[in-house]
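**Q** Sending over protein-v8.cif (mmCIF, C-alpha atoms).
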```
data_run
#
loop_
_atom_site.label_atom_id
_atom_site.label_comp_id
_atom_site.auth_asym_id
_atom_site.auth_seq_id
_atom_site.Cartn_x
_atom_site.Cartn_y
_atom_site.Cartn_z
CA MET A 1 3.30 -4.85 5.35
CA LYS A 2 2.76 -4.71 9.08
CA PHE A 3 1.05 -1.49 10.16
CA ASN A 4 3.02 0.60 12.68
CA SER A 5 0.70 2.68 14.84
CA SER A 6 3.50 5.05 15.87
CA THR A 7 3.81 6.21 12.23
CA SER A 8 0.09 6.57 11.60
CA LEU A 9 -1.28 9.82 10.22
CA ARG A 10 -2.80 10.66 13.59
CA TYR A 11 0.57 10.65 15.34
CA LYS A 12 2.33 12.22 12.36
CA GLN A 13 0.00 15.22 12.64
CA ILE A 14 0.93 15.58 16.30
CA TYR A 15 4.64 15.29 15.48
CA VAL A 16 4.36 17.89 12.71
CA LEU A 17 2.37 20.23 14.97
CA ILE A 18 5.00 19.98 17.73
CA LEU A 19 7.78 20.53 15.18
CA GLY A 20 5.91 23.49 13.72
CA VAL A 21 5.45 25.10 17.15
CA LEU A 22 9.13 24.63 18.04
CA VAL A 23 10.36 26.03 14.72
CA SER A 24 7.86 28.89 14.89
CA PHE A 25 8.91 29.82 18.43
CA LEU A 26 12.55 29.73 17.36
CA MET A 27 11.84 32.04 14.43
CA TYR A 28 9.74 34.26 16.74
CA PHE A 29 12.61 34.74 19.19
CA ILE A 30 15.16 35.22 16.40
CA THR A 31 12.98 37.85 14.71
CA GLN A 32 12.28 39.65 17.99
CA ALA A 33 15.93 39.64 19.01
CA PHE A 34 16.99 40.97 15.62
CA GLY A 35 14.23 43.61 15.65
CA ASN A 36 15.13 44.77 19.13
CA TYR A 37 18.74 45.00 18.06
CA LEU A 38 17.78 47.20 15.10
CA VAL A 39 15.67 49.45 17.35
CA SER A 40 18.51 49.74 19.84
CA GLN A 41 21.05 50.57 17.14
CA ASN A 42 18.97 52.89 15.01
CA HIS A 43 16.49 54.53 17.39
CA LEU A 44 17.97 54.42 20.88
CA ASN A 45 21.58 55.31 20.22
CA GLU A 46 22.77 58.44 22.04
CA GLU A 47 23.11 60.75 19.03
CA VAL A 48 19.71 59.95 17.53
CA SER A 49 17.98 60.20 20.93
CA ARG A 50 19.63 63.59 21.63
CA LYS A 51 18.55 65.03 18.28
CA ARG A 52 15.00 63.69 18.74
CA LEU A 53 14.70 65.28 22.22
CA GLU A 54 16.12 68.56 20.91
CA GLY A 55 13.49 68.49 18.24
CA TYR A 56 10.76 68.05 20.88
CA GLN A 57 12.24 70.90 22.99
CA ASN A 58 12.43 73.23 19.99
CA SER A 59 8.88 72.29 19.08
CA ILE A 60 7.41 73.09 22.53
CA GLU A 61 9.48 76.27 22.84
CA ASN A 62 8.34 77.56 19.44
CA TYR A 63 4.77 76.51 20.26
CA VAL A 64 4.81 78.51 23.54
CA LYS A 65 6.40 81.54 21.91
CA LYS A 66 4.12 81.50 18.88
CA ASN A 67 0.94 81.15 20.91
CA LYS A 68 2.20 83.40 23.78
CA LEU A 69 1.26 80.80 26.35
CA SER A 70 1.48 81.11 30.09
CA VAL A 71 2.10 78.14 32.30
CA LYS A 72 -1.57 78.28 33.22
CA ASP A 73 -2.76 77.65 29.64
CA VAL A 74 -3.22 73.96 30.39
CA ARG A 75 -5.57 73.25 27.48
CA ALA A 76 -3.21 74.65 24.86
CA ILE A 77 -0.20 72.84 26.38
CA SER A 78 -2.21 69.59 26.45
CA LYS A 79 -2.97 70.06 22.75
CA TRP A 80 0.77 69.99 22.00
CA VAL A 81 1.22 66.92 24.17
CA LYS A 82 -1.65 65.18 22.36
CA ASN A 83 -0.04 65.86 18.98
CA HIS A 84 3.21 64.24 20.19
CA LYS A 85 1.87 60.87 21.19
CA TYR A 86 4.88 59.16 22.80
CA THR A 87 6.09 62.14 24.88
CA TYR A 88 5.58 62.92 28.58
CA LEU A 89 5.77 66.63 29.45
CA THR A 90 6.51 68.01 32.94
CA ILE A 91 6.67 71.71 33.84
CA TYR A 92 7.99 72.66 37.24
CA SER A 93 9.36 75.53 39.18
CA GLY A 94 12.07 74.45 41.54
CA ASN A 95 10.76 71.28 43.14
CA GLU A 96 7.13 72.16 42.51
CA ILE A 97 5.41 70.45 39.60
CA LEU A 98 3.12 72.89 37.82
CA TYR A 99 2.01 70.62 34.95
CA GLU A 100 2.50 67.05 33.81
CA SER A 101 0.78 65.03 31.10
CA GLY A 102 1.44 62.72 28.18
CA PHE A 103 2.06 59.11 27.27
CA TRP A 104 2.43 56.94 30.37
CA ASN A 105 4.62 53.89 30.17
CA ASP A 106 3.89 51.21 32.76
CA ALA A 107 7.62 51.08 33.41
CA TYR A 108 7.35 54.54 34.96
CA SER A 109 5.10 53.26 37.73
CA THR A 110 8.15 52.02 39.62
CA TYR A 111 9.57 55.54 40.00
CA GLU A 112 9.13 56.79 43.56
CA SER A 113 9.68 60.49 43.02
CA THR A 114 9.78 63.14 40.36
CA GLY A 115 13.55 63.31 40.58
CA THR A 116 13.85 59.64 39.84
CA PHE A 117 11.28 60.01 37.07
CA LEU A 118 13.37 62.68 35.41
CA GLU A 119 16.52 60.57 35.46
CA SER A 120 15.27 58.40 32.63
CA SER A 121 17.74 57.96 29.80
CA GLN A 122 15.21 59.23 27.19
CA GLN A 123 14.53 62.61 28.76
CA ALA A 124 15.82 66.16 28.47
CA THR A 125 15.16 69.40 30.39
CA ARG A 126 15.22 73.02 29.12
CA ASN A 127 14.21 76.35 30.62
CA ILE A 128 11.50 77.89 28.45
CA ALA A 129 10.13 81.41 28.74
CA PHE A 130 6.38 81.55 29.18
CA THR A 131 4.46 84.87 29.33
CA ASP A 132 4.31 84.61 33.09
CA GLY A 133 7.89 83.52 33.71
CA ILE A 134 10.68 81.06 32.93
CA TYR A 135 10.03 77.45 33.89
CA SER A 136 11.88 74.15 33.55
CA VAL A 137 10.31 71.85 30.95
CA SER A 138 11.20 68.14 31.00
CA ILE A 139 10.32 65.87 28.07
CA ILE A 140 10.51 62.11 28.22
CA ASP A 141 10.52 60.30 24.85
CA SER A 142 8.95 56.82 24.67
CA SER A 143 8.72 56.58 20.89
CA GLU A 144 10.78 53.35 20.96
CA ILE A 145 7.64 51.62 22.25
CA LYS A 146 5.95 51.83 18.85
CA TRP A 147 9.00 50.20 17.28
CA TYR A 148 9.09 47.50 19.93
CA ASP A 149 5.37 46.91 19.31
CA LEU A 150 6.05 46.69 15.58
CA VAL A 151 8.83 44.17 16.23
CA PHE A 152 6.46 42.15 18.43
CA TYR A 153 3.71 42.02 15.80
CA ILE A 154 6.19 41.15 13.06
CA SER A 155 7.62 38.38 15.27
CA LEU A 156 4.12 37.14 16.00
CA GLY A 157 3.36 37.15 12.26
CA ILE A 158 6.56 35.20 11.59
CA PHE A 159 5.48 32.69 14.25
CA PHE A 160 2.11 32.03 12.62
CA LEU A 161 3.63 32.18 9.11
CA PHE A 162 6.06 29.35 9.88
CA LEU A 163 3.48 27.38 11.90
CA PHE A 164 0.81 27.50 9.18
CA GLY A 165 3.46 27.11 6.48
CA ILE A 166 4.76 23.85 7.98
CA LEU A 167 1.21 22.51 8.46
CA ILE A 168 0.20 23.52 4.92
CA VAL A 169 3.31 21.88 3.40
CA TYR A 170 2.64 18.68 5.36
CA ASN A 171 -1.06 18.64 4.38
CA HIS A 172 -0.08 19.36 0.78
CA GLN A 173 2.16 16.28 0.79
CA ILE A 174 -0.66 14.16 2.26
CA ILE A 175 -3.14 15.47 -0.33
CA ALA A 176 -0.59 14.91 -3.13
CA ARG A 177 -0.14 11.27 -2.03
CA ILE A 178 -3.91 10.77 -1.93
CA MET A 179 -4.34 12.36 -5.38
CA LEU A 180 -1.54 10.18 -6.79
CA LEU A 181 -3.17 7.06 -5.32
CA SER A 182 -6.55 8.14 -6.70
CA LYS A 183 -5.01 8.68 -10.15
CA GLU A 184 -3.33 5.28 -10.14
CA VAL A 185 -6.52 3.54 -8.98
CA SER A 186 -8.39 5.35 -11.78
CA LEU A 187 -5.92 3.87 -14.28
CA ILE A 188 -6.79 0.41 -12.95
CA GLU A 189 -10.47 1.23 -13.34
CA GLN A 190 -9.79 2.19 -16.97
CA GLY A 191 -8.12 -1.18 -17.56
CA ASN A 192 -4.44 -0.19 -17.32
CA LEU A 193 -3.20 -2.98 -15.05
CA GLU A 194 0.47 -2.65 -15.96
CA GLN A 195 0.94 0.62 -14.08
CA PRO A 196 2.23 -0.23 -10.56
CA ILE A 197 0.90 1.71 -7.58
CA TYR A 198 3.55 3.76 -5.81
CA HIS A 199 3.78 3.27 -2.06
CA LYS A 200 6.25 4.59 0.50
CA GLY A 201 6.19 4.66 4.28
CA THR A 202 4.20 2.75 6.89
CA ASP A 203 1.16 4.95 7.49
CA GLU A 204 -2.46 4.41 6.46
CA ILE A 205 -1.99 5.84 2.96
CA ALA A 206 0.99 3.55 2.31
CA LEU A 207 -1.00 0.58 3.62
CA LEU A 208 -3.91 1.52 1.35
CA ALA A 209 -1.55 1.83 -1.62
CA ILE A 210 0.00 -1.60 -0.90
CA ASN A 211 -3.46 -3.18 -0.64
CA ALA A 212 -4.49 -1.51 -3.90
CA ASP A 213 -1.31 -2.78 -5.59
CA ASN A 214 -1.96 -6.28 -4.24
CA MET A 215 -5.48 -6.02 -5.63
CA ARG A 216 -4.01 -4.99 -8.99
CA ASN A 217 -1.67 -8.00 -8.95
CA SER A 218 -4.59 -10.26 -8.01
CA ILE A 219 -6.63 -8.89 -10.90
CA ILE A 220 -3.68 -9.49 -13.27
CA THR A 221 -3.24 -13.04 -11.99
CA ARG A 222 -6.95 -13.76 -12.22
CA TYR A 223 -7.14 -12.17 -15.67
CA LYS A 224 -4.25 -14.31 -16.92
CA SER A 225 -5.80 -17.40 -15.38
CA GLU A 226 -9.16 -16.66 -16.99
CA LYS A 227 -7.44 -15.92 -20.29
CA GLU A 228 -5.55 -19.21 -20.13
CA ALA A 229 -8.76 -21.03 -19.23
CA TRP A 230 -10.61 -19.33 -22.09
CA GLU A 231 -7.86 -20.16 -24.57
CA ALA A 232 -7.74 -23.74 -23.30
CA ASN A 233 -11.51 -23.91 -23.56
CA SER A 234 -11.45 -22.60 -27.13
CA GLU A 235 -8.69 -25.02 -28.08
CA LEU A 236 -10.54 -27.88 -26.45
CA ILE A 237 -13.82 -27.10 -28.20
CA THR A 238 -12.06 -26.75 -31.55
CA SER A 239 -10.06 -29.92 -31.00
CA MET A 240 -13.00 -31.89 -29.63
CA SER A 241 -15.33 -30.88 -32.44
CA HIS A 242 -12.81 -32.18 -34.95
CA ASP A 243 -11.65 -35.22 -32.98
CA ILE A 244 -15.16 -36.38 -32.14
CA ARG A 245 -16.55 -35.80 -35.62
CA THR A 246 -13.93 -37.97 -37.32
CA PRO A 247 -14.36 -41.25 -35.36
CA LEU A 248 -18.10 -40.66 -35.00
CA THR A 249 -18.53 -40.33 -38.77
CA SER A 250 -16.50 -43.48 -39.31
CA LEU A 251 -18.43 -45.34 -36.61
CA ILE A 252 -21.78 -44.36 -38.16
CA GLY A 253 -20.51 -45.46 -41.57
CA TYR A 254 -19.39 -48.87 -40.27
CA LEU A 255 -22.69 -49.37 -38.40
CA GLU A 256 -24.69 -48.52 -41.55
CA ILE A 257 -22.68 -51.12 -43.46
CA LEU A 258 -23.33 -53.70 -40.75
CA GLU A 259 -27.01 -52.76 -40.57
CA SER A 260 -27.43 -53.15 -44.34
CA LYS A 261 -25.24 -56.28 -44.39
CA GLY A 262 -22.99 -54.65 -46.96
CA TYR A 263 -20.03 -56.84 -46.08
CA HIS A 264 -18.99 -59.63 -48.44
CA SER A 265 -17.19 -62.05 -46.17
CA GLU A 266 -16.79 -63.10 -42.55
CA GLU A 267 -13.36 -61.51 -42.43
CA GLN A 268 -14.77 -58.21 -43.62
CA LEU A 269 -17.47 -58.42 -40.93
CA ILE A 270 -14.87 -59.00 -38.22
CA ARG A 271 -12.80 -56.10 -39.55
CA TYR A 272 -15.81 -53.76 -39.46
CA ILE A 273 -16.69 -54.82 -35.93
CA LYS A 274 -13.08 -54.28 -34.84
CA SER A 275 -13.10 -50.83 -36.44
CA CYS A 276 -16.34 -49.98 -34.60
CA LYS A 277 -14.72 -51.03 -31.33
CA GLU A 278 -11.62 -48.92 -32.02
CA LYS A 279 -13.73 -45.88 -32.84
CA SER A 280 -15.82 -46.45 -29.70
CA ILE A 281 -12.65 -46.60 -27.57
CA GLN A 282 -11.43 -43.46 -29.26
CA LEU A 283 -14.70 -41.70 -28.43
CA LYS A 284 -14.40 -42.92 -24.85
CA ASP A 285 -10.91 -41.43 -24.58
CA LEU A 286 -12.22 -38.15 -25.92
CA SER A 287 -15.10 -38.13 -23.45
CA ASP A 288 -12.63 -38.87 -20.62
CA LYS A 289 -10.53 -35.95 -21.77
CA LEU A 290 -13.61 -33.73 -21.76
CA PHE A 291 -14.43 -34.88 -18.23
CA GLN A 292 -10.89 -34.13 -17.11
CA TYR A 293 -11.11 -30.64 -18.55
CA PHE A 294 -14.31 -29.76 -16.71
CA LEU A 295 -12.94 -31.39 -13.57
CA VAL A 296 -9.91 -29.09 -13.66
CA PHE A 297 -11.54 -25.86 -14.87
CA GLY A 298 -14.99 -26.41 -13.45
CA LYS A 299 -16.00 -26.24 -9.79
CA GLU A 300 -13.25 -25.64 -7.27
CA THR A 301 -14.57 -28.34 -4.94
CA ILE A 302 -15.35 -31.91 -6.00
CA LEU A 303 -18.15 -33.62 -4.15
CA MET A 304 -16.73 -36.96 -3.04
CA LYS A 305 -18.13 -39.94 -1.24
CA GLU A 306 -15.18 -41.01 0.87
CA GLU A 307 -14.90 -44.39 2.55
CA THR A 308 -12.24 -46.17 4.55
CA PHE A 309 -10.16 -48.83 2.76
CA ASP A 310 -7.19 -51.08 3.41
CA ALA A 311 -4.56 -49.37 1.27
CA ARG A 312 -2.54 -52.49 0.45
CA ILE A 313 -5.56 -54.48 -0.79
CA LEU A 314 -6.98 -51.45 -2.61
CA LEU A 315 -3.74 -50.80 -4.49
CA GLU A 316 -3.43 -54.39 -5.60
CA GLN A 317 -7.00 -54.30 -6.97
CA LEU A 318 -6.71 -50.95 -8.78
CA ILE A 319 -3.20 -51.34 -10.16
CA SER A 320 -3.09 -55.03 -11.14
CA GLU A 321 -5.35 -54.53 -14.18
CA HIS A 322 -3.23 -51.62 -15.45
CA VAL A 323 -0.02 -53.55 -14.86
CA PHE A 324 -1.36 -56.45 -16.89
CA GLY A 325 -2.42 -54.09 -19.72
CA LEU A 326 0.99 -52.45 -19.88
CA SER A 327 2.78 -55.79 -19.83
CA SER A 328 0.67 -57.02 -22.72
CA GLN A 329 1.73 -53.93 -24.71
CA GLY A 330 5.40 -54.74 -24.25
CA PHE A 331 6.28 -52.58 -21.23
CA ASP A 332 8.64 -53.88 -18.57
CA VAL A 333 6.55 -53.19 -15.46
CA ARG A 334 8.11 -53.67 -12.03
CA THR A 335 5.99 -53.32 -8.91
CA GLY A 336 6.80 -52.95 -5.25
CA PHE A 337 4.19 -52.61 -2.49
CA MET A 338 4.39 -52.35 1.28
CA GLU A 339 3.83 -55.51 3.27
CA GLN A 340 2.13 -53.89 6.26
CA SER A 341 -1.50 -52.83 6.14
CA CYS A 342 -2.67 -49.22 6.54
CA GLN A 343 -6.00 -47.51 6.07
CA ILE A 344 -6.92 -44.44 4.03
CA THR A 345 -10.15 -42.57 3.29
CA ALA A 346 -10.88 -42.10 -0.40
CA ASP A 347 -13.57 -41.91 -3.04
CA ILE A 348 -13.10 -45.18 -4.93
CA GLN A 349 -14.41 -43.81 -8.24
CA TYR A 350 -12.10 -40.78 -8.29
CA LEU A 351 -9.17 -42.85 -7.03
CA LYS A 352 -9.77 -45.25 -9.94
CA ARG A 353 -9.83 -42.28 -12.33
CA LEU A 354 -6.56 -41.06 -10.82
CA PHE A 355 -4.84 -44.36 -11.73
CA ASP A 356 -6.53 -44.39 -15.13
CA ASN A 357 -4.93 -41.05 -15.91
CA LEU A 358 -1.51 -42.02 -14.57
CA PHE A 359 -1.30 -45.26 -16.51
CA SER A 360 -2.80 -43.61 -19.57
CA ASN A 361 0.11 -41.19 -19.48
CA VAL A 362 2.49 -44.14 -19.27
CA ARG A 363 0.94 -45.75 -22.36
CA LYS A 364 1.09 -42.49 -24.33
CA TYR A 365 4.39 -40.97 -23.29
CA ALA A 366 6.60 -43.74 -21.84
CA ALA A 367 9.38 -45.44 -23.81
CA VAL A 368 8.92 -49.21 -24.12
CA THR A 369 12.67 -49.75 -23.85
CA GLY A 370 12.91 -48.61 -20.22
CA PRO A 371 11.35 -50.09 -17.04
CA VAL A 372 8.11 -48.76 -15.59
CA LEU A 373 8.41 -48.70 -11.78
CA VAL A 374 5.17 -48.79 -9.76
CA GLN A 375 5.72 -48.51 -6.02
CA GLY A 376 3.53 -48.06 -2.95
CA ASP A 377 4.86 -47.50 0.53
CA CYS A 378 3.69 -46.30 3.94
CA ASP A 379 6.03 -44.03 5.94
CA GLY A 380 3.91 -44.05 9.09
CA SER A 381 1.79 -41.00 8.33
CA HIS A 382 1.25 -41.11 4.54
CA LEU A 383 0.66 -43.60 1.78
CA ILE A 384 3.09 -42.74 -1.03
CA ILE A 385 2.46 -44.04 -4.55
CA SER A 386 4.99 -43.37 -7.31
CA ILE A 387 5.00 -44.34 -10.99
CA SER A 388 8.15 -43.61 -13.04
CA ASN A 389 9.12 -44.37 -16.64
CA ASP A 390 11.57 -43.46 -19.39
CA ILE A 391 10.48 -40.60 -21.66
CA ARG A 392 9.79 -41.23 -25.31
CA LYS A 393 12.18 -39.47 -27.67
CA ASP A 394 9.59 -38.40 -30.26
CA ARG A 395 7.52 -35.17 -30.00
CA THR A 396 4.42 -36.84 -28.63
CA PHE A 397 5.26 -35.95 -25.04
CA MET A 398 5.98 -32.34 -25.98
CA GLU A 399 2.50 -32.02 -27.45
CA SER A 400 0.80 -33.01 -24.20
CA THR A 401 -1.49 -30.37 -22.66
CA GLY A 402 -0.87 -31.76 -19.16
CA ILE A 403 -4.57 -31.73 -18.37
CA GLY A 404 -4.43 -35.33 -17.16
CA LEU A 405 -1.79 -34.46 -14.56
CA LYS A 406 -3.83 -31.40 -13.49
CA THR A 407 -6.77 -33.73 -12.98
CA CYS A 408 -4.62 -36.04 -10.85
CA ARG A 409 -3.44 -33.13 -8.73
CA LYS A 410 -6.98 -31.85 -8.14
CA ILE A 411 -8.32 -35.32 -7.23
CA THR A 412 -5.41 -35.91 -4.84
CA GLU A 413 -5.75 -32.52 -3.14
CA GLN A 414 -9.50 -33.04 -2.71
CA MET A 415 -8.62 -36.17 -0.72
CA ASN A 416 -6.30 -34.06 1.51
CA GLY A 417 -3.25 -35.46 -0.24
CA THR A 418 -0.45 -34.02 -2.37
CA PHE A 419 0.62 -34.65 -5.96
CA GLU A 420 3.92 -33.77 -7.63
CA THR A 421 5.86 -34.66 -10.75
CA ARG A 422 9.61 -34.92 -11.33
CA LYS A 423 11.28 -34.88 -14.71
CA ASN A 424 14.77 -34.86 -16.14
CA GLN A 425 16.16 -35.57 -19.58
CA THR A 426 15.34 -39.30 -19.51
CA ARG A 427 12.91 -40.11 -16.66
CA PHE A 428 9.48 -38.91 -15.57
CA GLU A 429 7.95 -39.65 -12.18
CA ALA A 430 4.51 -38.93 -10.69
CA ILE A 431 4.10 -39.13 -6.91
CA ALA A 432 0.77 -39.11 -5.06
CA SER A 433 0.62 -39.00 -1.27
CA PHE A 434 -2.43 -39.64 0.95
CA PRO A 435 -2.73 -39.31 4.74
CA ILE A 436 -3.35 -42.61 6.51
CA ILE A 437 -5.68 -43.25 9.43
CA ARG A 438 -3.75 -44.02 12.56
CA PRO A 439 -5.22 -46.80 14.69
CA GLU A 440 -6.74 -45.65 17.97
CA ARG A 441 -4.87 -46.65 21.12
CA ILE A 442 -6.69 -48.75 23.64
#
```
For the structure just supplied, provide its representation as structure tokens.
**A**
Amino acid sequence: MKFNSSTSLRYKQIYVLILGVLVSFLMYFITQAFGNYLVSQNHLNEEVSRKRLEGYQNSIENYVKKNKLSVKDVRAISKWVKNHKYTYLTIYSGNEILYESGFWNDAYSTYESTGTFLESSQQATRNIAFTDGIYSVSIIDSSEIKWYDLVFYISLGIFFLFLFGILIVYNHQIIARIMLLSKEVSLIEQGNLEQPIYHKGTDEIALLAINADNMRNSIITRYKSEKEAWEANSELITSMSHDIRTPLTSLIGYLEILESKGYHSEEQLIRYIKSCKEKSIQLKDLSDKLFQYFLVFGKETILMKEETFDARILLEQLISEHVFGLSSQGFDVRTGFMEQSCQITADIQYLKRLFDNLFSNVRKYAAVTGPVLVQGDCDGSHLIISISNDIRKDRTFMESTGIGLKTCRKITEQMNGTFETRKNQTRFEAIASFPIIRPERI
């Protein structure tokens, strides 16, 4: 997966923070508007305000009467004002202000005169009898301020609640994804390779999950490959130990007879020598098979000593002997080689082993009734060699391990070439391709 920087966790945090601020501001304004509406409807309506101001007027009038206060008892009047926090009390006689004190709202600072000051919607005036006379007492009520302050703090709390809530939910999702990834990786560590690793998105966590899942798949592939190699190795050792022991025991027995001259006639001597040769060839085939196995499952790179050869001459030398051997065994071998010369680089020993394996497969698995086609051609950039034959109808071919073909593929690829096989119900074809050396222009 290609990583997209615009969806990285760094930018996602910025996006979430911006979203959180916008949503929080929206909830802040909604809460404040609703709170102000409730204050206006329940605290500032005309009837409630009138009753509240009447209560203040009754309170100050009873306070003056009970304590027999004169307008000059400033300390006692101030005590009442202090006990009624959001009120502003003014006592005046005509246009002369005798006393004023109380809660001061900054909004009042715009009033230019006492008359204007007293025209506030939350104020009421009553004549109250003091011991030294009757004076006008004006009370301004600002108790709505505490409710507006409460609405502000609640709105501010809603703002931070939504902001931190959105950030916490986002971080919780990130942490949950990390914990899930950690749990799935722990399962891999415990050996549970069948559990896939969940991944979604294009950020760093998703990229990490994809890489971890690719690692899991690589481990599975490598494990299966090692298991197959181990099983093949066990089968080979078991098969080799049995296959080698049988001809070797027979060979030793024949040699002991020859050494002790235990034969009774010349014909018997020739038969023993022929049997020794057959067992020796059988041991050679087994040793070749062992070499092929370690060539395929051993080191990844084969050390080769490559040289430059004329491909047409080289093919004629390497293939002619095999063609003659097949013909002598009753195969109908038909060859076709290019007429023009071309050069390739190859290790002659491994190239010889390549053809040994290919023609050995023909001897083992090809039907004698059909033609064996051996062709070599140059297409301008590659030397292409193909060997095709009819497939035997018995089960011998089905029992093949295919290790010889794997050896051919590895040898060809080490020489920078390609190797492929094609098969249908009746025909089998092996094709090896090698790059040719183009002549330098003068």
**Q** Got a sec to resolve the PyMOL selection byres ((chain A and resi 15-22) around 8) on this structure and send the residues as a ChimeraX atom specification?
**A** /A:11-14,23-26,162-164,166-167,170
**Q** Produce the centre coordinates and the three edge lengths, each in Å to one decimal, of the box along x, y and z that contains all listed atoms of range 90-103 of chain A with 8 Å added on each side, as lines of an AutoDock Vina configuration file.
**A**
```
center_x = 6.4
center_y = 67.3
center_z = 35.2
size_x = 27.3
size_y = 32.4
size_z = 31.9
```
**Q** Calculated over only C-alpha atoms, which of the candidates A:Phe428, A:Phe159, A:Phe359, A:Tyr148 has the smallest distance to Leu38 in chain A?
**A** A:Tyr148
**Q** Write out as an MDAnalysis selection string each polymer residue whose atoms come within 10 Å of Asn214 in chain A, counting all atoms listed in the file; drop sequence neighbours fewer than 6 positions from it.
**A** chainID A and resid 196:197 208 220
**Q** Let me make sure I understand: among A:Arg216, A:Arg50, A:Arg10, A:Lys352, which one has the smallest atom-to-atom distance to Ser320 in chain A if we use all atoms listed in the file?
**A**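 Selected residue with least distance to Ser320 in chain A: A:Lys352.
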**Q** Between CA of Leu180 in chain A and CA of Thr221 in chain A, what is the distance in Å, rounded to a tenth?
**A** 23.9 Å
